[in-house]
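Structure file entry12.txt (compact mmCIF, N, CA, C and O atoms) follows.
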```
# COMPACT_ATOMS: atom_id res chain seq x y z
N MET A 7 2.10 -10.17 -20.19
CA MET A 7 3.01 -10.33 -21.31
C MET A 7 4.36 -9.67 -21.03
O MET A 7 5.38 -10.19 -21.46
N LEU A 8 4.33 -8.54 -20.32
CA LEU A 8 5.59 -7.86 -20.00
C LEU A 8 6.53 -8.77 -19.22
O LEU A 8 7.69 -8.97 -19.61
N LEU A 9 6.04 -9.34 -18.14
CA LEU A 9 6.87 -10.22 -17.32
C LEU A 9 7.32 -11.44 -18.13
O LEU A 9 8.50 -11.81 -18.10
N TYR A 10 6.42 -12.03 -18.86
CA TYR A 10 6.74 -13.22 -19.63
C TYR A 10 7.80 -12.93 -20.70
O TYR A 10 8.82 -13.62 -20.78
N LEU A 11 7.56 -11.91 -21.51
CA LEU A 11 8.45 -11.67 -22.66
C LEU A 11 9.84 -11.19 -22.25
O LEU A 11 10.83 -11.61 -22.85
N VAL A 12 9.94 -10.34 -21.25
CA VAL A 12 11.27 -9.90 -20.83
C VAL A 12 12.03 -11.08 -20.21
O VAL A 12 13.23 -11.23 -20.43
N THR A 13 11.34 -11.93 -19.48
CA THR A 13 11.98 -13.10 -18.89
C THR A 13 12.43 -14.08 -19.96
O THR A 13 13.57 -14.57 -19.94
N LYS A 14 11.57 -14.38 -20.91
CA LYS A 14 11.85 -15.43 -21.88
C LYS A 14 12.71 -15.00 -23.07
O LYS A 14 13.44 -15.81 -23.62
N ASN A 15 12.62 -13.75 -23.49
CA ASN A 15 13.31 -13.32 -24.71
C ASN A 15 14.78 -12.98 -24.51
O ASN A 15 15.48 -12.70 -25.47
N HIS A 16 15.25 -12.96 -23.27
CA HIS A 16 16.64 -12.64 -22.98
C HIS A 16 17.06 -11.35 -23.70
O HIS A 16 18.03 -11.32 -24.45
N SER A 17 16.31 -10.31 -23.44
CA SER A 17 16.55 -9.01 -24.06
C SER A 17 17.87 -8.38 -23.63
O SER A 17 18.43 -7.55 -24.34
N PHE A 18 18.37 -8.76 -22.47
CA PHE A 18 19.59 -8.18 -21.92
C PHE A 18 20.65 -9.26 -21.77
O PHE A 18 20.35 -10.44 -21.69
N SER A 19 21.91 -8.84 -21.73
CA SER A 19 22.99 -9.82 -21.64
C SER A 19 23.04 -10.51 -20.27
O SER A 19 23.53 -11.62 -20.15
N ASP A 20 22.52 -9.85 -19.25
CA ASP A 20 22.51 -10.43 -17.91
C ASP A 20 21.37 -9.81 -17.11
O ASP A 20 20.95 -8.68 -17.37
N GLY A 21 20.83 -10.55 -16.17
CA GLY A 21 19.82 -10.01 -15.26
C GLY A 21 18.41 -9.96 -15.82
O GLY A 21 17.59 -9.18 -15.34
N ASN A 22 18.10 -10.77 -16.80
CA ASN A 22 16.78 -10.73 -17.43
C ASN A 22 15.64 -10.97 -16.46
O ASN A 22 14.63 -10.26 -16.50
N LYS A 23 15.80 -11.93 -15.55
CA LYS A 23 14.72 -12.21 -14.59
C LYS A 23 14.56 -11.05 -13.61
O LYS A 23 13.44 -10.64 -13.31
N ARG A 24 15.67 -10.51 -13.13
CA ARG A 24 15.59 -9.37 -12.20
C ARG A 24 14.98 -8.15 -12.89
O ARG A 24 14.14 -7.46 -12.31
N ILE A 25 15.41 -7.88 -14.10
CA ILE A 25 14.88 -6.73 -14.85
C ILE A 25 13.40 -6.94 -15.13
O ILE A 25 12.60 -6.02 -15.00
N ALA A 26 13.02 -8.15 -15.52
CA ALA A 26 11.61 -8.44 -15.79
C ALA A 26 10.76 -8.23 -14.55
O ALA A 26 9.68 -7.62 -14.62
N ALA A 27 11.24 -8.70 -13.40
CA ALA A 27 10.49 -8.54 -12.15
C ALA A 27 10.36 -7.07 -11.79
O ALA A 27 9.29 -6.60 -11.40
N PHE A 28 11.46 -6.31 -11.94
CA PHE A 28 11.40 -4.88 -11.66
C PHE A 28 10.43 -4.17 -12.59
O PHE A 28 9.61 -3.36 -12.14
N LEU A 29 10.51 -4.44 -13.88
CA LEU A 29 9.60 -3.80 -14.85
C LEU A 29 8.15 -4.14 -14.55
O LEU A 29 7.26 -3.29 -14.68
N PHE A 30 7.91 -5.38 -14.13
CA PHE A 30 6.55 -5.80 -13.80
C PHE A 30 6.03 -5.02 -12.60
O PHE A 30 4.91 -4.51 -12.63
N LEU A 31 6.84 -4.87 -11.55
CA LEU A 31 6.44 -4.09 -10.38
C LEU A 31 6.25 -2.62 -10.75
O LEU A 31 5.30 -1.98 -10.29
N TRP A 32 7.13 -2.11 -11.57
CA TRP A 32 7.03 -0.71 -12.02
C TRP A 32 5.72 -0.51 -12.79
O TRP A 32 5.01 0.47 -12.58
N PHE A 33 5.40 -1.44 -13.68
CA PHE A 33 4.16 -1.38 -14.45
C PHE A 33 2.94 -1.39 -13.53
O PHE A 33 2.01 -0.59 -13.70
N LEU A 34 2.95 -2.29 -12.55
CA LEU A 34 1.83 -2.36 -11.61
C LEU A 34 1.70 -1.06 -10.83
O LEU A 34 0.59 -0.56 -10.63
N GLU A 35 2.83 -0.49 -10.39
CA GLU A 35 2.81 0.77 -9.64
C GLU A 35 2.27 1.90 -10.50
O GLU A 35 1.42 2.68 -10.06
N LYS A 36 2.76 2.03 -11.72
CA LYS A 36 2.33 3.11 -12.62
C LYS A 36 0.85 3.02 -12.96
O LYS A 36 0.22 4.02 -13.28
N ASN A 37 0.29 1.81 -12.90
CA ASN A 37 -1.13 1.63 -13.20
C ASN A 37 -1.99 1.56 -11.95
O ASN A 37 -3.18 1.24 -12.02
N GLY A 38 -1.39 1.84 -10.81
CA GLY A 38 -2.12 1.92 -9.55
C GLY A 38 -2.66 0.60 -9.02
O GLY A 38 -3.66 0.60 -8.30
N ILE A 39 -2.00 -0.50 -9.37
CA ILE A 39 -2.51 -1.80 -8.90
C ILE A 39 -1.46 -2.60 -8.13
O ILE A 39 -1.68 -3.77 -7.86
N LEU A 40 -0.35 -1.97 -7.75
CA LEU A 40 0.67 -2.70 -7.01
C LEU A 40 0.22 -3.00 -5.58
O LEU A 40 0.58 -4.02 -5.01
N TYR A 41 -0.62 -2.13 -5.02
CA TYR A 41 -1.06 -2.30 -3.64
C TYR A 41 -2.56 -2.55 -3.56
O TYR A 41 -3.33 -2.01 -4.34
N LYS A 42 -2.93 -3.37 -2.60
CA LYS A 42 -4.34 -3.63 -2.32
C LYS A 42 -4.92 -2.44 -1.57
O LYS A 42 -4.18 -1.55 -1.14
N ALA A 43 -6.22 -2.44 -1.37
CA ALA A 43 -6.90 -1.34 -0.67
C ALA A 43 -6.38 -1.16 0.75
O ALA A 43 -6.34 -0.05 1.27
N ASP A 44 -5.95 -2.26 1.38
CA ASP A 44 -5.44 -2.17 2.76
C ASP A 44 -3.97 -1.76 2.83
O ASP A 44 -3.39 -1.70 3.91
N GLY A 45 -3.34 -1.50 1.69
CA GLY A 45 -1.97 -1.04 1.65
C GLY A 45 -0.92 -2.11 1.52
O GLY A 45 0.26 -1.82 1.37
N THR A 46 -1.33 -3.38 1.53
CA THR A 46 -0.36 -4.47 1.34
C THR A 46 -0.11 -4.67 -0.15
O THR A 46 -0.93 -4.33 -0.99
N LYS A 47 1.06 -5.24 -0.44
CA LYS A 47 1.41 -5.49 -1.84
C LYS A 47 0.49 -6.53 -2.45
O LYS A 47 0.12 -7.50 -1.79
N LEU A 48 0.16 -6.32 -3.71
CA LEU A 48 -0.66 -7.28 -4.44
C LEU A 48 0.10 -8.60 -4.60
O LEU A 48 -0.48 -9.67 -4.47
N ILE A 49 1.39 -8.51 -4.85
CA ILE A 49 2.23 -9.70 -5.02
C ILE A 49 3.42 -9.55 -4.07
O ILE A 49 4.19 -8.60 -4.17
N GLU A 50 3.58 -10.50 -3.17
CA GLU A 50 4.70 -10.49 -2.25
C GLU A 50 5.99 -10.82 -3.00
O GLU A 50 5.97 -11.44 -4.07
N ASN A 51 7.11 -10.41 -2.44
CA ASN A 51 8.41 -10.60 -3.10
C ASN A 51 8.69 -12.06 -3.43
O ASN A 51 9.12 -12.37 -4.55
N ASN A 52 8.46 -12.96 -2.47
CA ASN A 52 8.76 -14.38 -2.72
C ASN A 52 7.82 -14.97 -3.78
O ASN A 52 8.21 -15.87 -4.52
N THR A 53 6.61 -14.45 -3.88
CA THR A 53 5.68 -14.89 -4.92
C THR A 53 6.18 -14.44 -6.29
O THR A 53 6.15 -15.21 -7.26
N LEU A 54 6.67 -13.21 -6.36
CA LEU A 54 7.20 -12.70 -7.63
C LEU A 54 8.43 -13.48 -8.07
O LEU A 54 8.59 -13.80 -9.25
N VAL A 55 9.29 -13.81 -7.12
CA VAL A 55 10.47 -14.63 -7.44
C VAL A 55 10.05 -15.98 -8.00
O VAL A 55 10.54 -16.41 -9.04
N ALA A 56 9.13 -16.65 -7.31
CA ALA A 56 8.66 -17.96 -7.76
C ALA A 56 7.99 -17.87 -9.13
O ALA A 56 8.22 -18.73 -10.00
N LEU A 57 7.20 -16.85 -9.34
CA LEU A 57 6.51 -16.67 -10.61
C LEU A 57 7.51 -16.44 -11.75
O LEU A 57 7.40 -17.04 -12.82
N THR A 58 8.50 -15.59 -11.50
CA THR A 58 9.51 -15.30 -12.52
C THR A 58 10.33 -16.54 -12.85
O THR A 58 10.59 -16.82 -14.03
N LEU A 59 10.71 -17.29 -11.83
CA LEU A 59 11.46 -18.53 -12.08
C LEU A 59 10.61 -19.56 -12.82
O LEU A 59 11.11 -20.28 -13.69
N MET A 60 9.33 -19.64 -12.47
CA MET A 60 8.43 -20.57 -13.15
C MET A 60 8.34 -20.22 -14.64
O MET A 60 8.39 -21.11 -15.50
N ILE A 61 8.23 -18.94 -14.94
CA ILE A 61 8.18 -18.51 -16.34
C ILE A 61 9.49 -18.84 -17.04
O ILE A 61 9.49 -19.35 -18.16
N ALA A 62 10.61 -18.57 -16.38
CA ALA A 62 11.91 -18.83 -17.00
C ALA A 62 12.11 -20.30 -17.32
O ALA A 62 12.69 -20.64 -18.35
N GLU A 63 11.60 -21.17 -16.48
CA GLU A 63 11.78 -22.61 -16.67
C GLU A 63 10.70 -23.24 -17.56
O GLU A 63 10.83 -24.39 -17.96
N SER A 64 9.67 -22.49 -17.88
CA SER A 64 8.56 -23.05 -18.67
C SER A 64 8.96 -23.24 -20.14
O SER A 64 9.89 -22.61 -20.64
N ARG A 65 8.23 -24.12 -20.79
CA ARG A 65 8.43 -24.34 -22.22
C ARG A 65 7.66 -23.28 -22.99
O ARG A 65 6.66 -22.74 -22.52
N THR A 66 8.13 -22.98 -24.19
CA THR A 66 7.49 -21.97 -25.04
C THR A 66 6.03 -22.30 -25.29
O THR A 66 5.18 -21.40 -25.34
N GLU A 67 5.71 -23.59 -25.41
CA GLU A 67 4.33 -24.02 -25.66
C GLU A 67 3.40 -23.68 -24.49
O GLU A 67 2.18 -23.71 -24.63
N GLU A 68 3.96 -23.40 -23.33
CA GLU A 68 3.16 -23.10 -22.14
C GLU A 68 2.91 -21.61 -21.93
O GLU A 68 2.42 -21.19 -20.89
N LYS A 69 3.25 -20.80 -22.93
CA LYS A 69 3.13 -19.35 -22.80
C LYS A 69 1.75 -18.91 -22.36
O LYS A 69 1.61 -18.13 -21.42
N ASP A 70 0.71 -19.39 -23.01
CA ASP A 70 -0.65 -18.97 -22.66
C ASP A 70 -1.01 -19.31 -21.22
O ASP A 70 -1.65 -18.51 -20.54
N VAL A 71 -0.57 -20.46 -20.76
CA VAL A 71 -0.83 -20.86 -19.38
C VAL A 71 -0.10 -19.93 -18.41
O VAL A 71 -0.68 -19.47 -17.42
N MET A 72 1.15 -19.62 -18.70
CA MET A 72 1.93 -18.73 -17.84
C MET A 72 1.31 -17.34 -17.77
O MET A 72 1.21 -16.75 -16.69
N VAL A 73 0.88 -16.83 -18.90
CA VAL A 73 0.25 -15.50 -18.93
C VAL A 73 -1.05 -15.52 -18.13
O VAL A 73 -1.34 -14.59 -17.37
N LYS A 74 -1.83 -16.59 -18.25
CA LYS A 74 -3.08 -16.70 -17.49
C LYS A 74 -2.81 -16.74 -15.99
O LYS A 74 -3.57 -16.17 -15.21
N VAL A 75 -1.75 -17.41 -15.57
CA VAL A 75 -1.39 -17.45 -14.16
C VAL A 75 -1.12 -16.04 -13.64
O VAL A 75 -1.63 -15.63 -12.59
N VAL A 76 -0.35 -15.26 -14.40
CA VAL A 76 -0.04 -13.89 -13.99
C VAL A 76 -1.31 -13.04 -13.96
O VAL A 76 -1.55 -12.31 -12.99
N VAL A 77 -2.13 -13.14 -14.98
CA VAL A 77 -3.37 -12.37 -15.03
C VAL A 77 -4.28 -12.72 -13.85
O VAL A 77 -4.84 -11.83 -13.19
N ASN A 78 -4.42 -13.99 -13.57
CA ASN A 78 -5.25 -14.41 -12.44
C ASN A 78 -4.69 -13.92 -11.10
O ASN A 78 -5.45 -13.60 -10.20
N LEU A 79 -3.38 -13.84 -11.02
CA LEU A 79 -2.75 -13.39 -9.78
C LEU A 79 -2.99 -11.91 -9.53
O LEU A 79 -3.20 -11.50 -8.40
N ILE A 80 -3.00 -11.10 -10.57
CA ILE A 80 -3.18 -9.66 -10.39
C ILE A 80 -4.63 -9.21 -10.55
O ILE A 80 -4.93 -8.05 -10.32
N ASN A 81 -5.51 -10.12 -10.92
CA ASN A 81 -6.91 -9.78 -11.08
C ASN A 81 -7.52 -9.45 -9.71
O ASN A 81 -7.53 -10.27 -8.82
N ARG A 82 -8.04 -8.25 -9.57
CA ARG A 82 -8.61 -7.81 -8.29
C ARG A 82 -9.90 -8.53 -7.93
O ARG A 82 -10.34 -8.50 -6.79
N ASN A 83 -10.53 -9.17 -8.88
CA ASN A 83 -11.79 -9.86 -8.61
C ASN A 83 -11.58 -11.23 -7.98
O ASN A 83 -12.53 -11.88 -7.59
N ASN A 84 -10.34 -11.68 -7.89
CA ASN A 84 -10.03 -12.99 -7.29
C ASN A 84 -9.86 -12.87 -5.80
O ASN A 84 -9.45 -11.95 -5.25
```

Serialized structure, structure tokens:
Amino acid sequence: MLLYLVTKNHSFSDGNKRIAAFLFLWFLEKNGILYKADGTKLIENNTLVALTLMIAESRTEEKDVMVKVVVNLINRNN
């Protein structure tokens, strides 16, 4: 929801996608899930860019689908 809402709600006058991506990475880091057990990032930079752009271009009606995509991406059981 953090990534989705900051991207879609245009909370800032400029840089909403960049700020949303940063906040999302910060959130993952603070919760100890930014890195996998082997030390690699859970989400690569180009994946985060594509995900953020996909959310930005999505329709409001697709919110649940977009959130599920993010949840599935960060779910450690996948």

Requested in this report: Counting only C-alpha atoms, write as a ChimeraX atom specification all protein and nucleic acid residues lying at most 12 Å from (5.2, -17.7, -10.8) in the file's frame.
Outcome: /A:9-10,13,23,27,49-64,71-80

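The space between atom O of A:Phe33 and atom O of A:Gly21 spans 17.9 Å.
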
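Note that the spacing between atom C of A:Val12 and atom CA of A:Ala26 amounts to 5.2 Å.
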
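The coordinates place atom CA of A:Phe30 at 18.1 Å from atom C of A:Glu68.
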
Query raised in the report: Could you pull out all residues of chain A with a DSSP call of alpha helix (DSSP H) and give them as a PyMOL selection string?
Result: chain A and resi 8-15+22-36+51-63+69-80

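Comparing A:Lys69, A:Lys47, A:Lys14, A:Leu8 by their smallest distance to A:Leu29, the closest is A:Leu8 (using only N, CA, C and O atoms).
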
Written coordinates, all heavy atoms of stretch 13-29 of chain A as a PDB file, in the first residue's frame:
```pdb
ATOM      1  N   THR A  13       2.714   6.651  -4.873  1.00  0.00           N
ATOM      2  CA  THR A  13       2.812   6.797  -6.329  1.00  0.00           C
ATOM      3  C   THR A  13       1.539   7.393  -6.909  1.00  0.00           C
ATOM      4  O   THR A  13       1.591   8.329  -7.718  1.00  0.00           O
ATOM      5  CB  THR A  13       3.090   5.429  -6.992  1.00  0.00           C
ATOM      6  OG1 THR A  13       4.304   4.901  -6.484  1.00  0.00           O
ATOM      7  CG2 THR A  13       3.188   5.557  -8.500  1.00  0.00           C
ATOM      8  N   LYS A  14       0.393   6.890  -6.506  1.00  0.00           N
ATOM      9  CA  LYS A  14      -0.869   7.282  -7.131  1.00  0.00           C
ATOM     10  C   LYS A  14      -1.481   8.573  -6.587  1.00  0.00           C
ATOM     11  O   LYS A  14      -2.159   9.284  -7.318  1.00  0.00           O
ATOM     12  CB  LYS A  14      -1.913   6.161  -6.979  1.00  0.00           C
ATOM     13  CG  LYS A  14      -1.598   4.910  -7.766  1.00  0.00           C
ATOM     14  CD  LYS A  14      -1.547   5.143  -9.248  1.00  0.00           C
ATOM     15  CE  LYS A  14      -2.900   5.024  -9.875  1.00  0.00           C
ATOM     16  NZ  LYS A  14      -2.841   5.094 -11.331  1.00  0.00           N
ATOM     17  N   ASN A  15      -1.264   8.888  -5.321  1.00  0.00           N
ATOM     18  CA  ASN A  15      -1.941  10.039  -4.713  1.00  0.00           C
ATOM     19  C   ASN A  15      -1.266  11.374  -4.987  1.00  0.00           C
ATOM     20  O   ASN A  15      -1.794  12.409  -4.614  1.00  0.00           O
ATOM     21  CB  ASN A  15      -2.078   9.843  -3.202  1.00  0.00           C
ATOM     22  CG  ASN A  15      -3.147   8.846  -2.865  1.00  0.00           C
ATOM     23  OD1 ASN A  15      -3.988   8.526  -3.693  1.00  0.00           O
ATOM     24  ND2 ASN A  15      -3.121   8.348  -1.655  1.00  0.00           N
ATOM     25  N   HIS A  16      -0.099  11.364  -5.607  1.00  0.00           N
ATOM     26  CA  HIS A  16       0.618  12.603  -5.906  1.00  0.00           C
ATOM     27  C   HIS A  16       0.716  13.492  -4.667  1.00  0.00           C
ATOM     28  O   HIS A  16       0.313  14.645  -4.673  1.00  0.00           O
ATOM     29  CB  HIS A  16      -0.034  13.338  -7.076  1.00  0.00           C
ATOM     30  CG  HIS A  16      -0.059  12.528  -8.323  1.00  0.00           C
ATOM     31  ND1 HIS A  16       1.056  12.337  -9.100  1.00  0.00           N
ATOM     32  CD2 HIS A  16      -1.052  11.813  -8.902  1.00  0.00           C
ATOM     33  CE1 HIS A  16       0.746  11.567 -10.123  1.00  0.00           C
ATOM     34  NE2 HIS A  16      -0.525  11.219 -10.027  1.00  0.00           N
ATOM     35  N   SER A  17       1.258  12.920  -3.618  1.00  0.00           N
ATOM     36  CA  SER A  17       1.393  13.614  -2.343  1.00  0.00           C
ATOM     37  C   SER A  17       2.359  14.791  -2.415  1.00  0.00           C
ATOM     38  O   SER A  17       2.278  15.714  -1.613  1.00  0.00           O
ATOM     39  CB  SER A  17       1.885  12.634  -1.278  1.00  0.00           C
ATOM     40  OG  SER A  17       1.033  11.513  -1.207  1.00  0.00           O
ATOM     41  N   PHE A  18       3.281  14.760  -3.358  1.00  0.00           N
ATOM     42  CA  PHE A  18       4.305  15.789  -3.481  1.00  0.00           C
ATOM     43  C   PHE A  18       4.164  16.502  -4.817  1.00  0.00           C
ATOM     44  O   PHE A  18       3.607  15.964  -5.762  1.00  0.00           O
ATOM     45  CB  PHE A  18       5.700  15.150  -3.370  1.00  0.00           C
ATOM     46  CG  PHE A  18       5.863  14.354  -2.107  1.00  0.00           C
ATOM     47  CD1 PHE A  18       5.655  12.977  -2.103  1.00  0.00           C
ATOM     48  CD2 PHE A  18       6.190  14.973  -0.915  1.00  0.00           C
ATOM     49  CE1 PHE A  18       5.795  12.236  -0.943  1.00  0.00           C
ATOM     50  CE2 PHE A  18       6.322  14.240   0.261  1.00  0.00           C
ATOM     51  CZ  PHE A  18       6.127  12.878   0.250  1.00  0.00           C
ATOM     52  N   SER A  19       4.691  17.713  -4.897  1.00  0.00           N
ATOM     53  CA  SER A  19       4.552  18.480  -6.137  1.00  0.00           C
ATOM     54  C   SER A  19       5.402  17.901  -7.271  1.00  0.00           C
ATOM     55  O   SER A  19       5.091  18.090  -8.434  1.00  0.00           O
ATOM     56  CB  SER A  19       4.917  19.944  -5.904  1.00  0.00           C
ATOM     57  OG  SER A  19       6.257  20.055  -5.461  1.00  0.00           O
ATOM     58  N   ASP A  20       6.465  17.187  -6.926  1.00  0.00           N
ATOM     59  CA  ASP A  20       7.327  16.593  -7.942  1.00  0.00           C
ATOM     60  C   ASP A  20       8.034  15.386  -7.330  1.00  0.00           C
ATOM     61  O   ASP A  20       8.251  15.324  -6.121  1.00  0.00           O
ATOM     62  CB  ASP A  20       8.353  17.616  -8.431  1.00  0.00           C
ATOM     63  CG  ASP A  20       9.131  17.129  -9.637  1.00  0.00           C
ATOM     64  OD1 ASP A  20       8.563  16.365 -10.441  1.00  0.00           O
ATOM     65  OD2 ASP A  20      10.297  17.506  -9.769  1.00  0.00           O
ATOM     66  N   GLY A  21       8.363  14.414  -8.153  1.00  0.00           N
ATOM     67  CA  GLY A  21       9.157  13.276  -7.702  1.00  0.00           C
ATOM     68  C   GLY A  21       8.385  12.200  -6.970  1.00  0.00           C
ATOM     69  O   GLY A  21       8.973  11.428  -6.216  1.00  0.00           O
ATOM     70  N   ASN A  22       7.098  12.105  -7.188  1.00  0.00           N
ATOM     71  CA  ASN A  22       6.275  11.132  -6.460  1.00  0.00           C
ATOM     72  C   ASN A  22       6.731   9.689  -6.663  1.00  0.00           C
ATOM     73  O   ASN A  22       6.802   8.928  -5.701  1.00  0.00           O
ATOM     74  CB  ASN A  22       4.799  11.276  -6.855  1.00  0.00           C
ATOM     75  CG  ASN A  22       4.204  12.529  -6.275  1.00  0.00           C
ATOM     76  OD1 ASN A  22       3.872  12.576  -5.105  1.00  0.00           O
ATOM     77  ND2 ASN A  22       4.089  13.561  -7.088  1.00  0.00           N
ATOM     78  N   LYS A  23       7.082   9.329  -7.895  1.00  0.00           N
ATOM     79  CA  LYS A  23       7.519   7.946  -8.143  1.00  0.00           C
ATOM     80  C   LYS A  23       8.865   7.674  -7.474  1.00  0.00           C
ATOM     81  O   LYS A  23       9.060   6.630  -6.868  1.00  0.00           O
ATOM     82  CB  LYS A  23       7.580   7.674  -9.649  1.00  0.00           C
ATOM     83  CG  LYS A  23       6.197   7.632 -10.307  1.00  0.00           C
ATOM     84  CD  LYS A  23       6.255   7.258 -11.758  1.00  0.00           C
ATOM     85  CE  LYS A  23       6.807   8.294 -12.656  1.00  0.00           C
ATOM     86  NZ  LYS A  23       6.025   9.488 -12.868  1.00  0.00           N
ATOM     87  N   ARG A  24       9.785   8.628  -7.572  1.00  0.00           N
ATOM     88  CA  ARG A  24      11.092   8.452  -6.921  1.00  0.00           C
ATOM     89  C   ARG A  24      10.949   8.377  -5.405  1.00  0.00           C
ATOM     90  O   ARG A  24      11.578   7.540  -4.751  1.00  0.00           O
ATOM     91  CB  ARG A  24      12.034   9.600  -7.302  1.00  0.00           C
ATOM     92  CG  ARG A  24      12.527   9.539  -8.724  1.00  0.00           C
ATOM     93  CD  ARG A  24      13.545  10.640  -8.984  1.00  0.00           C
ATOM     94  NE  ARG A  24      12.982  11.967  -8.767  1.00  0.00           N
ATOM     95  CZ  ARG A  24      12.477  12.729  -9.727  1.00  0.00           C
ATOM     96  NH1 ARG A  24      12.468  12.295 -10.953  1.00  0.00           N
ATOM     97  NH2 ARG A  24      12.003  13.918  -9.448  1.00  0.00           N
ATOM     98  N   ILE A  25      10.140   9.256  -4.843  1.00  0.00           N
ATOM     99  CA  ILE A  25       9.929   9.258  -3.393  1.00  0.00           C
ATOM    100  C   ILE A  25       9.245   7.970  -2.968  1.00  0.00           C
ATOM    101  O   ILE A  25       9.615   7.364  -1.953  1.00  0.00           O
ATOM    102  CB  ILE A  25       9.122  10.499  -2.967  1.00  0.00           C
ATOM    103  CG1 ILE A  25       9.953  11.765  -3.196  1.00  0.00           C
ATOM    104  CG2 ILE A  25       8.687  10.391  -1.510  1.00  0.00           C
ATOM    105  CD1 ILE A  25       9.165  13.055  -3.080  1.00  0.00           C
ATOM    106  N   ALA A  26       8.259   7.519  -3.731  1.00  0.00           N
ATOM    107  CA  ALA A  26       7.566   6.270  -3.402  1.00  0.00           C
ATOM    108  C   ALA A  26       8.524   5.093  -3.414  1.00  0.00           C
ATOM    109  O   ALA A  26       8.506   4.255  -2.503  1.00  0.00           O
ATOM    110  CB  ALA A  26       6.409   6.030  -4.381  1.00  0.00           C
ATOM    111  N   ALA A  27       9.393   5.028  -4.427  1.00  0.00           N
ATOM    112  CA  ALA A  27      10.361   3.933  -4.520  1.00  0.00           C
ATOM    113  C   ALA A  27      11.335   3.978  -3.349  1.00  0.00           C
ATOM    114  O   ALA A  27      11.641   2.949  -2.741  1.00  0.00           O
ATOM    115  CB  ALA A  27      11.107   3.995  -5.845  1.00  0.00           C
ATOM    116  N   PHE A  28      11.817   5.178  -3.006  1.00  0.00           N
ATOM    117  CA  PHE A  28      12.722   5.311  -1.867  1.00  0.00           C
ATOM    118  C   PHE A  28      12.039   4.887  -0.570  1.00  0.00           C
ATOM    119  O   PHE A  28      12.618   4.136   0.226  1.00  0.00           O
ATOM    120  CB  PHE A  28      13.230   6.751  -1.735  1.00  0.00           C
ATOM    121  CG  PHE A  28      13.959   6.973  -0.443  1.00  0.00           C
ATOM    122  CD1 PHE A  28      15.269   6.537  -0.301  1.00  0.00           C
ATOM    123  CD2 PHE A  28      13.328   7.571   0.630  1.00  0.00           C
ATOM    124  CE1 PHE A  28      15.933   6.711   0.907  1.00  0.00           C
ATOM    125  CE2 PHE A  28      13.985   7.742   1.837  1.00  0.00           C
ATOM    126  CZ  PHE A  28      15.300   7.312   1.978  1.00  0.00           C
ATOM    127  N   LEU A  29      10.829   5.374  -0.328  1.00  0.00           N
ATOM    128  CA  LEU A  29      10.105   5.011   0.896  1.00  0.00           C
ATOM    129  C   LEU A  29       9.862   3.509   0.976  1.00  0.00           C
ATOM    130  O   LEU A  29       9.947   2.910   2.057  1.00  0.00           O
ATOM    131  CB  LEU A  29       8.774   5.760   0.973  1.00  0.00           C
ATOM    132  CG  LEU A  29       8.849   7.240   1.293  1.00  0.00           C
ATOM    133  CD1 LEU A  29       7.464   7.872   1.182  1.00  0.00           C
ATOM    134  CD2 LEU A  29       9.439   7.473   2.663  1.00  0.00           C
TER     135      LEU A  29
END
```
